[in-house]
Amino acid sequence: MIYLKKAVRLAETDQDEIHDVVARMLAEIDTGGEEVARRFARDLDKWAGEIVVTPETRAAAAALVPDRLKADIQFAHDNIRRFAEAQRASVTDCEIEIIPGLVAGQRQIPVSAAGCYVPGGRYSHIASAIMTITTAKVAGVAHIAACSPPRPGVGIPPAILYTMDLCGADKILAMGGVQGVAAMAHGLFGLHKADILVGPGNQYVAEAKRILFGTVGIDMVAGPTDSMVVADGTADAELVAMDLVGQAEHGYNSPVWLVTSDLGLAERVMERVPVLIDTLPEPNRQSAKAAWADCAEVMLCDSAEEMATVSDRYGPEHLHIQAADLDWWLQRLRSYGSLFLGEETTVAFGDKTAGPNHVLPTSGAARYTGGLSVHKFMKTVTWQRATRAAARPLAEATARISRLEGMEGHARSADIRLAKFFPDESFDLSAADVPS
């Protein structure tokens with residue numbers, strides 16, 4: 001594999017400084033509660049209005065959203081809901097008789113409360129509201145809170161607020177950033193304490209979730225969004241270039257990568273990307289220009305297999321295959337957040353309307369985890385029940401293994417049952433003599 005273009009730096013995070021700021025804010029909110037959260041809202045969001053969005057405000061927002069936009073939002077909501085329902089149907093309870101008289105099983109139980117963060121800074125992330133709230137609703141979460149940064153003098157933008165309401169948020173907070181995350185985690189403003197926090201956000205939101213993990217569950221620790229296109233000589237260079245540009249506009253530190261086996265295609269794409277970036281409006285143009293200049297890479301490979309190996313090593317958040325034999329790629333690839341097959345789809349479809357969730361692992365985390373799904377809102381728990389006859393071999397083996405491990409209390413929990421259930425019998429429950 002040869003680099004035709006190499007990133008000059010990794011995504012910048014200023015992690016130490018961000019950690020200190022966020023940790024301090026979380027500590028203050030933990031101590032001061034709602035009063036401190038309101039203060040941060042006033043200072044950072046320039047918002048002194050209502051925090052808990054009332055039904056009247058929800059209705060007023062819906063009245064401001066044009067009918068065509070409502071139809072588009074409803075179209076996206078329906079697709080995402082239907083995909084989440086298919087995921088939910090794939091997760092089932094089960095039970096098995098392991099040995100005669102010992103029955104064990106699993107249950108799928110949704111968490112009780114979820115907190116969904118919906119970004120609302122530079123861009124109005126309508127799609128993030130659909131992806132998080134809808135998925136939690138389909139999973140069966142009883143209490144769904146959502147928060148989003150209010151804009152000074154406006155509050156949560158009407159389209160985002162309409163979408164939150166449509167998707168089924170029980171409570172909505174006009175509060176963003178660390179204070180919004182903390183409010184959901186601690187159950188401020190009348191919320192149920194969140195069992196899990198989900199949704200994308202800026203570096204401060206991501207750090208707040210990381211610090212709170214353990215106290216609450218989180219979907220993932222997300223870094224800057226990243227995307228890879230894998231293309232062979234059959235690909236359309238203009239489509240490839242536009243797809244890379246479309247993802248680079250996320251931010252100055254959002255990597256985009258092209259992996260190709262065709263030098264001519266690579267050269268055409270590298271020629272076209274700067275031209276297409278220059279056609280974007282601001283601030284998108286500067287974001288995409290910086291991302292392409294500093295974070296983008298173009299890699300030339302000898303074969304489809306080598307391209308697949310490179311892709312698996314990177315573990316991209318979004319992976320778009322524009323190459324022949326799409327079925328081969330589907331079966332071969334092992335490491336990605338979400339996969340887009342063929343030129344007829346694009347990452348933008350997945351980001352907004354297609355169905356599969358767009359909250360995905362970044363920074364190579366796709367090597368070991370998937371994205372947000374119904375499963376993230378559910379717990380797979382197990383149970384077991386035994387007859388006295390089944391308890392006999394279980395107790396014998398448990399006692400002997402426990403003693404070998406030096407766990408005498410465990411052994412005696414088994415001993416006492418053998419003595420009660422089979423009082424007329426004796427058992428050899430000593431530890432085996434195993435060479436050290």
# chains A, B, ... in the order shown; residues from 1 in each chain; ligands from 1
$ closest_atom_pairs --of "range 117-158 of chain A" --to "range 368-384 of chain A" --cutoff "7 Å" --atoms "only C-alpha atoms" --output "tab-separated table"
residue	atom	partner	partner_atom	distance
A:Thr135	CA	A:Val374	CA	5.6
A:Ala136	CA	A:Phe377	CA	6.2
A:Ala139	CA	A:Val374	CA	5.2
$ select_by_dssp --residues "range 9-136 of chain A" --states "helix (DSSP H, G or I)" --output "short mmCIF file (atom, residue, chain, number, x, y, z; two decimals) with N, CA, C and O atoms, in the first residue's frame"
data_model
loop_
_atom_site.label_atom_id
_atom_site.label_comp_id
_atom_site.auth_asym_id
_atom_site.auth_seq_id
_atom_site.Cartn_x
_atom_site.Cartn_y
_atom_site.Cartn_z
N GLN A 15 -7.19 17.10 24.96
CA GLN A 15 -7.93 16.27 25.89
C GLN A 15 -7.70 16.64 27.34
O GLN A 15 -8.63 16.66 28.14
N ASP A 16 -6.45 16.94 27.72
CA ASP A 16 -6.17 17.23 29.12
C ASP A 16 -6.92 18.48 29.58
O ASP A 16 -7.53 18.51 30.66
N GLU A 17 -6.86 19.52 28.77
CA GLU A 17 -7.54 20.77 29.13
C GLU A 17 -9.05 20.57 29.18
O GLU A 17 -9.72 21.04 30.11
N ILE A 18 -9.59 19.85 28.20
CA ILE A 18 -11.03 19.60 28.17
C ILE A 18 -11.45 18.78 29.38
O ILE A 18 -12.47 19.07 30.02
N HIS A 19 -10.67 17.76 29.72
CA HIS A 19 -11.00 16.93 30.87
C HIS A 19 -11.10 17.77 32.13
O HIS A 19 -12.05 17.62 32.92
N ASP A 20 -10.15 18.67 32.35
CA ASP A 20 -10.15 19.47 33.57
C ASP A 20 -11.38 20.38 33.64
O ASP A 20 -12.01 20.51 34.70
N VAL A 21 -11.71 21.00 32.52
CA VAL A 21 -12.87 21.89 32.49
C VAL A 21 -14.15 21.11 32.77
O VAL A 21 -14.98 21.51 33.60
N VAL A 22 -14.32 19.98 32.09
CA VAL A 22 -15.55 19.20 32.23
C VAL A 22 -15.67 18.61 33.63
O VAL A 22 -16.74 18.63 34.24
N ALA A 23 -14.58 18.09 34.15
CA ALA A 23 -14.60 17.51 35.50
C ALA A 23 -15.01 18.56 36.53
O ALA A 23 -15.79 18.27 37.46
N ARG A 24 -14.49 19.76 36.37
CA ARG A 24 -14.84 20.84 37.30
C ARG A 24 -16.33 21.19 37.20
O ARG A 24 -17.02 21.36 38.21
N MET A 25 -16.85 21.27 35.98
CA MET A 25 -18.26 21.58 35.79
C MET A 25 -19.15 20.49 36.38
O MET A 25 -20.14 20.78 37.06
N LEU A 26 -18.80 19.25 36.12
CA LEU A 26 -19.61 18.14 36.65
C LEU A 26 -19.61 18.15 38.17
O LEU A 26 -20.65 17.89 38.80
N ALA A 27 -18.47 18.44 38.77
CA ALA A 27 -18.39 18.48 40.23
C ALA A 27 -19.28 19.60 40.79
O ALA A 27 -19.97 19.42 41.80
N GLU A 28 -19.26 20.75 40.14
CA GLU A 28 -20.09 21.87 40.60
C GLU A 28 -21.57 21.54 40.48
O GLU A 28 -22.36 21.85 41.37
N ILE A 29 -21.96 20.90 39.37
CA ILE A 29 -23.38 20.54 39.19
C ILE A 29 -23.79 19.46 40.17
O ILE A 29 -24.90 19.47 40.71
N ASP A 30 -22.89 18.52 40.43
CA ASP A 30 -23.18 17.45 41.38
C ASP A 30 -23.46 18.04 42.76
O ASP A 30 -24.32 17.57 43.50
N THR A 31 -22.75 19.11 43.11
CA THR A 31 -22.92 19.74 44.42
C THR A 31 -24.09 20.72 44.43
O THR A 31 -24.91 20.73 45.36
N GLY A 32 -24.18 21.53 43.38
CA GLY A 32 -25.16 22.63 43.39
C GLY A 32 -26.45 22.34 42.68
O GLY A 32 -27.40 23.14 42.77
N GLU A 34 -29.63 21.99 40.29
CA GLU A 34 -30.30 22.74 39.24
C GLU A 34 -29.83 24.19 39.17
O GLU A 34 -29.72 24.75 38.07
N GLU A 35 -29.56 24.79 40.31
CA GLU A 35 -29.13 26.19 40.31
C GLU A 35 -27.85 26.38 39.52
O GLU A 35 -27.71 27.32 38.72
N VAL A 36 -26.90 25.47 39.71
CA VAL A 36 -25.63 25.57 38.99
C VAL A 36 -25.84 25.27 37.51
O VAL A 36 -25.26 25.93 36.64
N ALA A 37 -26.66 24.26 37.20
CA ALA A 37 -26.94 23.95 35.80
C ALA A 37 -27.57 25.14 35.09
O ALA A 37 -27.22 25.45 33.94
N ARG A 38 -28.49 25.82 35.77
CA ARG A 38 -29.10 27.03 35.18
C ARG A 38 -28.03 28.12 34.95
O ARG A 38 -28.07 28.83 33.94
N ARG A 39 -27.11 28.24 35.90
CA ARG A 39 -26.07 29.26 35.75
C ARG A 39 -25.21 28.98 34.52
O ARG A 39 -24.88 29.90 33.75
N PHE A 40 -24.84 27.71 34.32
CA PHE A 40 -24.07 27.37 33.13
C PHE A 40 -24.87 27.65 31.86
O PHE A 40 -24.33 28.09 30.84
N ALA A 41 -26.19 27.38 31.90
CA ALA A 41 -27.04 27.66 30.74
C ALA A 41 -27.03 29.16 30.42
O ALA A 41 -26.97 29.56 29.26
N ARG A 42 -27.11 29.98 31.48
CA ARG A 42 -27.08 31.44 31.25
C ARG A 42 -25.73 31.89 30.71
O ARG A 42 -25.65 32.69 29.78
N ASP A 43 -24.66 31.36 31.28
CA ASP A 43 -23.32 31.82 30.91
C ASP A 43 -22.86 31.29 29.56
O ASP A 43 -22.22 32.02 28.79
N LEU A 44 -23.17 30.03 29.28
CA LEU A 44 -22.64 29.39 28.08
C LEU A 44 -23.61 29.40 26.90
O LEU A 44 -23.21 29.60 25.76
N ASP A 45 -24.89 29.16 27.17
CA ASP A 45 -25.88 29.15 26.09
C ASP A 45 -26.58 30.50 25.93
O ASP A 45 -27.36 30.67 25.00
N PRO A 55 -45.69 21.58 27.01
CA PRO A 55 -46.48 21.14 25.87
C PRO A 55 -46.86 22.30 24.95
O PRO A 55 -46.93 22.13 23.72
N GLU A 56 -47.11 23.47 25.53
CA GLU A 56 -47.48 24.62 24.71
C GLU A 56 -46.33 25.04 23.80
O GLU A 56 -46.56 25.40 22.62
N THR A 57 -45.11 24.99 24.33
CA THR A 57 -43.95 25.35 23.51
C THR A 57 -43.73 24.31 22.41
O THR A 57 -43.37 24.65 21.28
N ARG A 58 -43.96 23.06 22.73
CA ARG A 58 -43.85 22.01 21.70
C ARG A 58 -44.84 22.27 20.58
O ARG A 58 -44.49 22.18 19.39
N ALA A 59 -46.09 22.57 20.95
CA ALA A 59 -47.12 22.81 19.93
C ALA A 59 -46.79 24.04 19.10
O ALA A 59 -46.99 24.05 17.87
N ALA A 60 -46.27 25.09 19.75
CA ALA A 60 -45.92 26.30 19.01
C ALA A 60 -44.80 26.03 18.02
O ALA A 60 -44.79 26.56 16.90
N ALA A 61 -43.83 25.20 18.42
CA ALA A 61 -42.74 24.85 17.50
C ALA A 61 -43.26 24.09 16.30
O ALA A 61 -42.86 24.35 15.15
N ALA A 62 -44.16 23.14 16.54
CA ALA A 62 -44.71 22.36 15.43
C ALA A 62 -45.42 23.26 14.42
O ALA A 62 -45.35 23.03 13.20
N ALA A 63 -46.09 24.29 14.91
CA ALA A 63 -46.81 25.20 14.01
C ALA A 63 -45.87 25.99 13.12
O ALA A 63 -46.28 26.48 12.06
N LEU A 64 -44.59 26.11 13.52
CA LEU A 64 -43.62 26.89 12.74
C LEU A 64 -42.90 26.05 11.69
O LEU A 64 -42.21 26.61 10.83
N ASP A 67 -44.91 22.24 6.21
CA ASP A 67 -45.47 20.90 6.00
C ASP A 67 -44.51 19.99 5.24
O ASP A 67 -44.43 18.80 5.53
N ARG A 68 -43.81 20.53 4.25
CA ARG A 68 -42.89 19.67 3.48
C ARG A 68 -41.76 19.16 4.36
O ARG A 68 -41.35 17.99 4.26
N LEU A 69 -41.23 20.01 5.25
CA LEU A 69 -40.18 19.57 6.16
C LEU A 69 -40.74 18.54 7.14
O LEU A 69 -40.07 17.56 7.46
N LYS A 70 -41.96 18.76 7.61
CA LYS A 70 -42.59 17.76 8.48
C LYS A 70 -42.68 16.41 7.77
O LYS A 70 -42.41 15.37 8.37
N ALA A 71 -43.06 16.44 6.51
CA ALA A 71 -43.17 15.19 5.75
C ALA A 71 -41.81 14.50 5.63
O ALA A 71 -41.71 13.27 5.74
N ASP A 72 -40.77 15.30 5.38
CA ASP A 72 -39.43 14.72 5.28
C ASP A 72 -38.99 14.11 6.62
O ASP A 72 -38.40 13.03 6.67
N ILE A 73 -39.27 14.82 7.70
CA ILE A 73 -38.91 14.31 9.03
C ILE A 73 -39.69 13.04 9.34
O ILE A 73 -39.13 12.06 9.86
N GLN A 74 -40.96 13.03 8.99
CA GLN A 74 -41.78 11.84 9.23
C GLN A 74 -41.31 10.66 8.38
O GLN A 74 -41.33 9.51 8.84
N PHE A 75 -40.85 10.94 7.16
CA PHE A 75 -40.30 9.89 6.29
C PHE A 75 -39.07 9.27 6.94
O PHE A 75 -38.93 8.05 7.03
N ALA A 76 -38.15 10.13 7.41
CA ALA A 76 -36.95 9.62 8.07
C ALA A 76 -37.30 8.87 9.34
O ALA A 76 -36.75 7.78 9.62
N HIS A 77 -38.22 9.42 10.13
CA HIS A 77 -38.63 8.76 11.38
C HIS A 77 -39.20 7.38 11.11
O HIS A 77 -38.89 6.42 11.83
N ASP A 78 -40.01 7.25 10.08
CA ASP A 78 -40.61 5.96 9.77
C ASP A 78 -39.55 4.94 9.37
O ASP A 78 -39.60 3.79 9.81
N ASN A 79 -38.57 5.36 8.57
CA ASN A 79 -37.50 4.43 8.16
C ASN A 79 -36.66 3.98 9.36
O ASN A 79 -36.35 2.79 9.50
N ILE A 80 -36.30 4.93 10.20
CA ILE A 80 -35.46 4.60 11.35
C ILE A 80 -36.23 3.75 12.35
O ILE A 80 -35.69 2.81 12.94
N ARG A 81 -37.51 4.06 12.55
CA ARG A 81 -38.35 3.26 13.44
C ARG A 81 -38.49 1.83 12.93
O ARG A 81 -38.36 0.86 13.70
N ARG A 82 -38.72 1.67 11.64
CA ARG A 82 -38.90 0.32 11.09
C ARG A 82 -37.62 -0.50 11.21
O ARG A 82 -37.67 -1.70 11.51
N PHE A 83 -36.47 0.12 10.99
CA PHE A 83 -35.22 -0.63 11.14
C PHE A 83 -35.00 -1.01 12.61
O PHE A 83 -34.58 -2.13 12.92
N ALA A 84 -35.30 -0.09 13.52
CA ALA A 84 -35.15 -0.39 14.95
C ALA A 84 -36.10 -1.51 15.37
O ALA A 84 -35.74 -2.37 16.19
N GLU A 85 -37.29 -1.52 14.82
CA GLU A 85 -38.23 -2.60 15.14
C GLU A 85 -37.72 -3.95 14.66
O GLU A 85 -37.89 -4.98 15.33
N ALA A 86 -37.07 -3.96 13.50
CA ALA A 86 -36.48 -5.21 13.01
C ALA A 86 -35.35 -5.66 13.92
O ALA A 86 -35.19 -6.87 14.19
N GLN A 87 -34.55 -4.72 14.40
CA GLN A 87 -33.51 -5.07 15.36
C GLN A 87 -34.11 -5.64 16.64
O GLN A 87 -33.63 -6.65 17.17
N ARG A 88 -35.17 -5.01 17.12
CA ARG A 88 -35.79 -5.48 18.37
C ARG A 88 -36.32 -6.90 18.20
O ARG A 88 -36.21 -7.73 19.13
N ALA A 89 -36.87 -7.20 17.04
CA ALA A 89 -37.41 -8.53 16.80
C ALA A 89 -36.32 -9.59 16.76
O ALA A 89 -36.58 -10.78 16.96
N ILE A 126 -31.37 17.54 13.26
CA ILE A 126 -32.68 16.90 13.29
C ILE A 126 -32.52 15.39 13.33
O ILE A 126 -33.18 14.69 14.10
N ALA A 127 -31.62 14.87 12.50
CA ALA A 127 -31.47 13.42 12.39
C ALA A 127 -31.03 12.79 13.69
O ALA A 127 -31.43 11.66 14.01
N SER A 128 -30.22 13.48 14.49
CA SER A 128 -29.75 12.91 15.75
C SER A 128 -30.91 12.71 16.73
O SER A 128 -30.91 11.77 17.52
N ALA A 129 -31.88 13.61 16.68
CA ALA A 129 -33.07 13.43 17.53
C ALA A 129 -33.81 12.16 17.12
O ALA A 129 -34.25 11.38 17.98
N ILE A 130 -33.94 11.93 15.83
CA ILE A 130 -34.66 10.74 15.36
C ILE A 130 -33.89 9.48 15.76
O ILE A 130 -34.47 8.51 16.28
N MET A 131 -32.59 9.48 15.52
CA MET A 131 -31.78 8.28 15.75
C MET A 131 -31.79 7.85 17.22
O MET A 131 -31.87 6.65 17.52
N THR A 132 -31.73 8.79 18.13
CA THR A 132 -31.60 8.44 19.54
C THR A 132 -32.96 8.19 20.20
O THR A 132 -33.17 7.14 20.81
N ILE A 133 -33.87 9.12 20.07
CA ILE A 133 -35.16 9.01 20.77
C ILE A 133 -35.99 7.86 20.20
O ILE A 133 -36.56 7.06 20.96
N THR A 134 -36.06 7.76 18.89
CA THR A 134 -36.85 6.70 18.26
C THR A 134 -36.35 5.32 18.67
O THR A 134 -37.14 4.41 18.98
N THR A 135 -35.04 5.15 18.66
CA THR A 135 -34.47 3.85 18.98
C THR A 135 -34.75 3.47 20.43
O THR A 135 -35.07 2.31 20.74
N ALA A 136 -34.65 4.44 21.33
CA ALA A 136 -34.98 4.18 22.73
C ALA A 136 -36.45 3.81 22.89
O ALA A 136 -36.81 2.91 23.66
#
$ residues_around --residues "Ala291 in chain A" --least-positions-apart "3" --cutoff "10 Å" --atoms "only C-alpha atoms" --output "list in words"
Ala7, Ala11, Val245, Gln247, Ala248, Glu249, His250, Gly251, Tyr252, Asn253, Ser254, Pro255, Val256, Arg285, Gln286, Ser287, Ala288, Asp294, Cys295 and Ala296 of chain A
$ write_last_selection --atoms "N, CA and C atoms" --output "PDB file, in the first residue's frame"
ATOM      1  N   ALA A   7      -2.051  12.124   6.066  1.00  0.00           N
ATOM      2  CA  ALA A   7      -2.475  13.106   7.060  1.00  0.00           C
ATOM      3  C   ALA A   7      -1.255  13.723   7.738  1.00  0.00           C
ATOM      4  N   ALA A  11      -6.505  13.869  14.615  1.00  0.00           N
ATOM      5  CA  ALA A  11      -7.552  14.777  15.094  1.00  0.00           C
ATOM      6  C   ALA A  11      -7.148  15.379  16.431  1.00  0.00           C
ATOM      7  N   VAL A 245     -15.977  15.027   0.220  1.00  0.00           N
ATOM      8  CA  VAL A 245     -16.219  16.421   0.595  1.00  0.00           C
ATOM      9  C   VAL A 245     -17.413  16.517   1.549  1.00  0.00           C
ATOM     10  N   GLN A 247     -18.466  14.519   3.733  1.00  0.00           N
ATOM     11  CA  GLN A 247     -18.144  14.129   5.104  1.00  0.00           C
ATOM     12  C   GLN A 247     -17.092  15.037   5.734  1.00  0.00           C
ATOM     13  N   ALA A 248     -16.226  15.614   4.917  1.00  0.00           N
ATOM     14  CA  ALA A 248     -15.202  16.522   5.458  1.00  0.00           C
ATOM     15  C   ALA A 248     -15.817  17.783   6.042  1.00  0.00           C
ATOM     16  N   GLU A 249     -17.023  18.158   5.598  1.00  0.00           N
ATOM     17  CA  GLU A 249     -17.624  19.391   6.102  1.00  0.00           C
ATOM     18  C   GLU A 249     -18.043  19.276   7.571  1.00  0.00           C
ATOM     19  N   HIS A 250     -18.014  18.073   8.147  1.00  0.00           N
ATOM     20  CA  HIS A 250     -18.368  17.917   9.554  1.00  0.00           C
ATOM     21  C   HIS A 250     -17.499  18.797  10.446  1.00  0.00           C
ATOM     22  N   GLY A 251     -16.211  18.894  10.133  1.00  0.00           N
ATOM     23  CA  GLY A 251     -15.345  19.695  10.990  1.00  0.00           C
ATOM     24  C   GLY A 251     -13.906  19.639  10.545  1.00  0.00           C
ATOM     25  N   TYR A 252     -13.111  20.569  11.054  1.00  0.00           N
ATOM     26  CA  TYR A 252     -11.710  20.682  10.645  1.00  0.00           C
ATOM     27  C   TYR A 252     -10.895  19.446  11.001  1.00  0.00           C
ATOM     28  N   ASN A 253     -11.370  18.657  11.958  1.00  0.00           N
ATOM     29  CA  ASN A 253     -10.610  17.487  12.411  1.00  0.00           C
ATOM     30  C   ASN A 253     -11.303  16.181  12.056  1.00  0.00           C
ATOM     31  N   SER A 254     -12.129  16.198  11.012  1.00  0.00           N
ATOM     32  CA  SER A 254     -12.857  14.994  10.583  1.00  0.00           C
ATOM     33  C   SER A 254     -12.107  14.312   9.439  1.00  0.00           C
ATOM     34  N   PRO A 255     -11.462  13.180   9.704  1.00  0.00           N
ATOM     35  CA  PRO A 255     -10.687  12.517   8.651  1.00  0.00           C
ATOM     36  C   PRO A 255     -11.584  11.918   7.566  1.00  0.00           C
ATOM     37  N   VAL A 256     -11.138  12.021   6.327  1.00  0.00           N
ATOM     38  CA  VAL A 256     -11.742  11.276   5.219  1.00  0.00           C
ATOM     39  C   VAL A 256     -10.621  10.549   4.488  1.00  0.00           C
ATOM     40  N   ARG A 285     -17.137  25.427   4.060  1.00  0.00           N
ATOM     41  CA  ARG A 285     -15.973  25.417   3.192  1.00  0.00           C
ATOM     42  C   ARG A 285     -14.680  25.356   3.996  1.00  0.00           C
ATOM     43  N   GLN A 286     -14.560  26.190   5.016  1.00  0.00           N
ATOM     44  CA  GLN A 286     -13.336  26.204   5.810  1.00  0.00           C
ATOM     45  C   GLN A 286     -13.151  24.894   6.582  1.00  0.00           C
ATOM     46  N   SER A 287     -14.245  24.336   7.084  1.00  0.00           N
ATOM     47  CA  SER A 287     -14.152  23.054   7.789  1.00  0.00           C
ATOM     48  C   SER A 287     -13.639  21.966   6.866  1.00  0.00           C
ATOM     49  N   ALA A 288     -14.251  21.871   5.685  1.00  0.00           N
ATOM     50  CA  ALA A 288     -13.856  20.827   4.740  1.00  0.00           C
ATOM     51  C   ALA A 288     -12.438  21.048   4.224  1.00  0.00           C
ATOM     52  N   ASP A 294      -5.395  18.587   6.269  1.00  0.00           N
ATOM     53  CA  ASP A 294      -4.653  18.086   7.425  1.00  0.00           C
ATOM     54  C   ASP A 294      -4.917  16.625   7.768  1.00  0.00           C
ATOM     55  N   CYS A 295      -6.136  16.154   7.542  1.00  0.00           N
ATOM     56  CA  CYS A 295      -6.531  14.837   8.051  1.00  0.00           C
ATOM     57  C   CYS A 295      -6.787  13.795   6.976  1.00  0.00           C
ATOM     58  N   ALA A 296      -6.945  14.215   5.724  1.00  0.00           N
ATOM     59  CA  ALA A 296      -7.327  13.274   4.678  1.00  0.00           C
ATOM     60  C   ALA A 296      -6.136  12.439   4.219  1.00  0.00           C
TER      61      ALA A 296
END
$ closest_residue --among "A:Gln322, A:Thr163, A:Gln203, A:Thr279" --to "Ala146 in chain A" --atoms "only C-alpha atoms"
A:Thr163
$ residues_around --residues "Leu263 in chain A" --least-positions-apart "4" --cutoff "12 Å" --atoms "only C-alpha atoms" --output "number ranges by chain"
A: 1-4, 231-233, 237, 258-259, 267-270, 298-302
$ write_last_selection --atoms "C-alpha atoms" --output "PDB file, in the first residue's frame"
ATOM      1  CA  MET A   1       0.000   0.000   0.000  1.00  0.00           C
ATOM      2  CA  ILE A   2       1.316   3.446  -0.988  1.00  0.00           C
ATOM      3  CA  TYR A   3       0.176   6.778   0.457  1.00  0.00           C
ATOM      4  CA  LEU A   4      -0.576   9.275  -2.291  1.00  0.00           C
ATOM      5  CA  ALA A 231     -13.080   2.353  -4.828  1.00  0.00           C
ATOM      6  CA  ASP A 232     -11.757   0.437  -7.833  1.00  0.00           C
ATOM      7  CA  GLY A 233     -11.525   1.415 -11.489  1.00  0.00           C
ATOM      8  CA  ALA A 237     -14.477   9.888  -9.595  1.00  0.00           C
ATOM      9  CA  LEU A 258      -9.800   7.066  -0.032  1.00  0.00           C
ATOM     10  CA  VAL A 259      -8.488   3.551  -0.589  1.00  0.00           C
ATOM     11  CA  GLU A 267      -5.503  11.403  -9.244  1.00  0.00           C
ATOM     12  CA  ARG A 268      -8.889  12.556 -10.566  1.00  0.00           C
ATOM     13  CA  VAL A 269     -10.402  12.538  -7.082  1.00  0.00           C
ATOM     14  CA  MET A 270      -7.465  14.469  -5.609  1.00  0.00           C
ATOM     15  CA  VAL A 298      -5.375   8.675  -0.197  1.00  0.00           C
ATOM     16  CA  MET A 299      -3.987   5.139  -0.371  1.00  0.00           C
ATOM     17  CA  LEU A 300      -3.123   3.069  -3.434  1.00  0.00           C
ATOM     18  CA  CYS A 301      -3.375  -0.723  -3.152  1.00  0.00           C
ATOM     19  CA  ASP A 302      -2.627  -3.629  -5.474  1.00  0.00           C
TER      20      ASP A 302
END
$ residues_around --residues "Phe421 in chain A" --least-positions-apart "3" --cutoff "12 Å" --atoms "only C-alpha atoms" --output "VMD selection string"
chain A and resid 387 to 392 395 414 to 418 424 to 426
$ write_last_selection --atoms "N, CA, C and O atoms" --output "mmCIF file, in the first residue's frame"
data_model
loop_
_atom_site.group_PDB
_atom_site.id
_atom_site.type_symbol
_atom_site.label_atom_id
_atom_site.label_comp_id
_atom_site.auth_asym_id
_atom_site.auth_seq_id
_atom_site.Cartn_x
_atom_site.Cartn_y
_atom_site.Cartn_z
ATOM 1 N N THR A 387 -34.147 -28.535 39.908
ATOM 2 C CA THR A 387 -34.771 -29.489 40.806
ATOM 3 C C THR A 387 -33.733 -29.974 41.809
ATOM 4 O O THR A 387 -32.523 -29.762 41.632
ATOM 5 N N ARG A 388 -34.173 -30.676 42.840
ATOM 6 C CA ARG A 388 -33.207 -31.207 43.807
ATOM 7 C C ARG A 388 -32.319 -32.267 43.162
ATOM 8 O O ARG A 388 -31.134 -32.363 43.494
ATOM 9 N N ALA A 389 -32.899 -33.008 42.245
ATOM 10 C CA ALA A 389 -32.080 -34.024 41.567
ATOM 11 C C ALA A 389 -30.969 -33.366 40.762
ATOM 12 O O ALA A 389 -29.826 -33.843 40.737
ATOM 13 N N ALA A 390 -31.291 -32.242 40.095
ATOM 14 C CA ALA A 390 -30.270 -31.537 39.313
ATOM 15 C C ALA A 390 -29.249 -30.858 40.213
ATOM 16 O O ALA A 390 -28.078 -30.706 39.847
ATOM 17 N N ALA A 391 -29.696 -30.437 41.416
ATOM 18 C CA ALA A 391 -28.779 -29.761 42.329
ATOM 19 C C ALA A 391 -27.654 -30.676 42.795
ATOM 20 O O ALA A 391 -26.584 -30.198 43.176
ATOM 21 N N ARG A 392 -27.896 -31.999 42.779
ATOM 22 C CA ARG A 392 -26.879 -32.932 43.288
ATOM 23 C C ARG A 392 -25.568 -32.855 42.504
ATOM 24 O O ARG A 392 -24.513 -32.568 43.093
ATOM 25 N N ALA A 395 -23.970 -29.373 42.906
ATOM 26 C CA ALA A 395 -23.355 -29.120 44.213
ATOM 27 C C ALA A 395 -22.041 -29.871 44.377
ATOM 28 O O ALA A 395 -21.067 -29.327 44.913
ATOM 29 N N ALA A 414 -22.608 -25.164 48.661
ATOM 30 C CA ALA A 414 -22.985 -26.409 47.981
ATOM 31 C C ALA A 414 -23.151 -27.544 48.985
ATOM 32 O O ALA A 414 -24.121 -28.320 48.915
ATOM 33 N N ASP A 415 -22.216 -27.665 49.945
ATOM 34 C CA ASP A 415 -22.273 -28.734 50.949
ATOM 35 C C ASP A 415 -23.620 -28.773 51.662
ATOM 36 O O ASP A 415 -24.221 -29.831 51.860
ATOM 37 N N ILE A 416 -24.090 -27.585 52.078
ATOM 38 C CA ILE A 416 -25.284 -27.533 52.915
ATOM 39 C C ILE A 416 -26.519 -28.030 52.171
ATOM 40 O O ILE A 416 -27.441 -28.583 52.763
ATOM 41 N N ARG A 417 -26.528 -27.854 50.869
ATOM 42 C CA ARG A 417 -27.660 -28.339 50.085
ATOM 43 C C ARG A 417 -27.626 -29.853 49.932
ATOM 44 O O ARG A 417 -28.663 -30.523 49.990
ATOM 45 N N LEU A 418 -26.429 -30.396 49.729
ATOM 46 C CA LEU A 418 -26.330 -31.854 49.671
ATOM 47 C C LEU A 418 -26.776 -32.471 50.992
ATOM 48 O O LEU A 418 -27.476 -33.498 51.014
ATOM 49 N N ASP A 424 -29.216 -38.920 53.797
ATOM 50 C CA ASP A 424 -28.774 -40.293 54.064
ATOM 51 C C ASP A 424 -27.563 -40.692 53.230
ATOM 52 O O ASP A 424 -27.153 -41.868 53.265
ATOM 53 N N GLU A 425 -27.009 -39.756 52.505
ATOM 54 C CA GLU A 425 -25.884 -40.089 51.637
ATOM 55 C C GLU A 425 -24.639 -39.321 52.073
ATOM 56 O O GLU A 425 -24.721 -38.263 52.726
ATOM 57 N N SER A 426 -23.493 -39.848 51.708
ATOM 58 C CA SER A 426 -22.231 -39.156 51.958
ATOM 59 C C SER A 426 -21.551 -38.870 50.625
ATOM 60 O O SER A 426 -21.733 -39.628 49.656
#
$ select_by_dssp --residues "range 45-233 of chain A" --states "strand (DSSP E)" --output "PyMOL selection string"
chain A and resi 94-99+102-110+113-117+143-148+171-174+196-198+217-218+227-231
$ closest_residue --among "A:Gly223, A:Gly315, A:Pro119, A:Pro110" --to "Lys137 in chain A" --atoms "only C-alpha atoms"
A:Pro110
